[in-house]
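Colleague: Got a structure for you, written out below as structure tokens; questions coming shortly.
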Amino acid sequence: MPAGVDLDRALVAIPAWQELGAEAWTAFSRKADLGNGLILYPLEAIGSTVLTLAAALNFRFDQTAPRAASLSLYGAALLAAAGLAFTLKAAPIMLGISGTSDPVALQHAFEGFVFWGNVRGVCQVLAFVAQLWALLELVRQR
């Protein structure tokens with residue numbers, strides 16, 4: 001997911017869902033995350049990570065690229081990959097709510113998804129910041 005979506009989820013959606021409860025979160029998530037989000041979110045997560053890794057690889061083999069951007073660009077690639085790895089912890093939790101109606105299990109799923117989603121979100125927001133830093137370094141050095 002892009003950094004903006006992660007920020008929205010952490011700062012706007014999750015606090016609202018915490019007030020409404022796990023069952024309301026589940027009903028929404030079944031329609032959103034397990035609906036259109038089932039296609040859009042993996043495309044965003046995988047696509048943004050692949051593009052970040054491609055930029056880092058291109059930078060690595062471009063002998064004319066200013067080396068001042070190496071730390072930020074390689075950091076962005078590492079953080080993007082970590083964000084995708086943490087998605088592999090959050091996604092099964094989301095997928096697991098599709099047939100569950102037990103309120104205790106849903107609360108547990110909500111808490112687990114929030115935790116791993118926030119860890120993922122931190123990585124992805126930091127990856128975005130590192131990408132901006134790399135871009136600024138590249139522009140400044142040219």
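Following the order of the structure tokens, chains are lettered A, B, ..., residues in each are numbered from 1, and ligands are numbered from 1.
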So which residues touch region 92-100 of chain A within 10 Å, counting only C-alpha atoms, skipping near sequence neighbours fewer than 5 positions away, as a list in words?
Modeller: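 Everything that qualifies: Thr26, Ala27, Ser29, Arg30, Lys31, Asp33, Leu34, Leu38, Thr87, Ala105, Leu106, His108, Ala109, Phe110, Glu111, Gly112, Phe113, Val114 and Trp116 of chain A.
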Colleague: Go ahead and write the selection's residues with C-alpha atoms as a PDB file, in the first residue's frame.
Modeller:
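Dumped everything to selection22.pdb:
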ATOM      1  CA  THR A  26     -15.170  -7.073  10.064  1.00  0.00           C
ATOM      2  CA  ALA A  27     -18.343  -6.142   8.174  1.00  0.00           C
ATOM      3  CA  SER A  29     -13.399  -5.247   5.748  1.00  0.00           C
ATOM      4  CA  ARG A  30     -15.368  -8.070   4.162  1.00  0.00           C
ATOM      5  CA  LYS A  31     -16.845  -5.583   1.686  1.00  0.00           C
ATOM      6  CA  ASP A  33     -10.487  -5.305   1.842  1.00  0.00           C
ATOM      7  CA  LEU A  34     -11.918  -8.660   0.790  1.00  0.00           C
ATOM      8  CA  LEU A  38      -8.410  -8.003  -2.707  1.00  0.00           C
ATOM      9  CA  THR A  87       2.048  -7.516   4.719  1.00  0.00           C
ATOM     10  CA  ALA A 105     -11.879 -14.358  17.305  1.00  0.00           C
ATOM     11  CA  LEU A 106     -12.852 -11.191  15.428  1.00  0.00           C
ATOM     12  CA  HIS A 108      -8.241 -10.985  18.163  1.00  0.00           C
ATOM     13  CA  ALA A 109      -8.068 -10.658  14.356  1.00  0.00           C
ATOM     14  CA  PHE A 110      -8.676  -6.915  14.587  1.00  0.00           C
ATOM     15  CA  GLU A 111      -5.899  -6.439  17.138  1.00  0.00           C
ATOM     16  CA  GLY A 112      -3.465  -8.572  15.124  1.00  0.00           C
ATOM     17  CA  PHE A 113      -4.286  -6.776  11.895  1.00  0.00           C
ATOM     18  CA  VAL A 114      -3.857  -3.368  13.538  1.00  0.00           C
ATOM     19  CA  TRP A 116       0.981  -5.832  11.782  1.00  0.00           C
TER      20      TRP A 116
END
Colleague: Go through A:Phe28, A:Pro66, A:Leu43, A:Ala80 one by one, measure the shortest atom-to-atom distance of each to Ala16 (chain A) using only C-alpha atoms, and give the residue with the smallest value.
Modeller: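 Checking each of A:Phe28, A:Pro66, A:Leu43, A:Ala80 against Ala16 (chain A), counting only C-alpha atoms, the winner is A:Phe28.
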Colleague: Restricting the calculation to only C-alpha atoms: of A:Ala134, A:Ser72, A:Ala81, A:Asp6, which residue gets closest to Ser48 (chain A)?
Modeller: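 Among the listed residues, A:Ala81 lies closest to Ser48 (chain A).
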Colleague: Report the distance between CA of Gly75 (chain A) and CA of Arg142 (chain A) in Å, rounded to one decimal place.
Modeller: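 Going from CA of Gly75 (chain A) over to CA of Arg142 (chain A) covers 20.8 Å.
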Colleague: Please list as a PyMOL selection string every residue within 12 Å of Leu126 (chain A), counting only C-alpha atoms and excluding residues in the same chain fewer than 6 positions away.
Modeller: chain A and resi 2-4+6-7+72-73+75-83+119-120+132-133
Colleague: Tell me which protein, DNA and RNA residues are within 10 Å of Leu84 (chain A), counting only C-alpha atoms, leaving out same-chain ones fewer than 6 positions away, and put them as a PDB file with C-alpha atoms, in the first residue's frame.
Modeller:
ATOM      1  CA  MET A   1       0.000   0.000   0.000  1.00  0.00           C
ATOM      2  CA  PRO A  42      -1.754  -6.470  -3.521  1.00  0.00           C
ATOM      3  CA  ALA A  45       1.977  -3.282  -2.366  1.00  0.00           C
ATOM      4  CA  ILE A  46       3.793  -5.493  -4.855  1.00  0.00           C
ATOM      5  CA  SER A  48       5.427  -0.132  -5.327  1.00  0.00           C
ATOM      6  CA  THR A  49       7.983  -2.570  -3.905  1.00  0.00           C
ATOM      7  CA  LEU A  78      15.002  -2.282   2.218  1.00  0.00           C
ATOM      8  CA  ALA A  90      -1.240  -8.926   8.112  1.00  0.00           C
ATOM      9  CA  ARG A 120       3.931  -2.423   7.810  1.00  0.00           C
ATOM     10  CA  GLY A 121       2.747   1.172   7.624  1.00  0.00           C
ATOM     11  CA  CYS A 123       8.061   0.712   6.966  1.00  0.00           C
ATOM     12  CA  GLN A 124       6.132   2.002   3.989  1.00  0.00           C
TER      13      GLN A 124
END
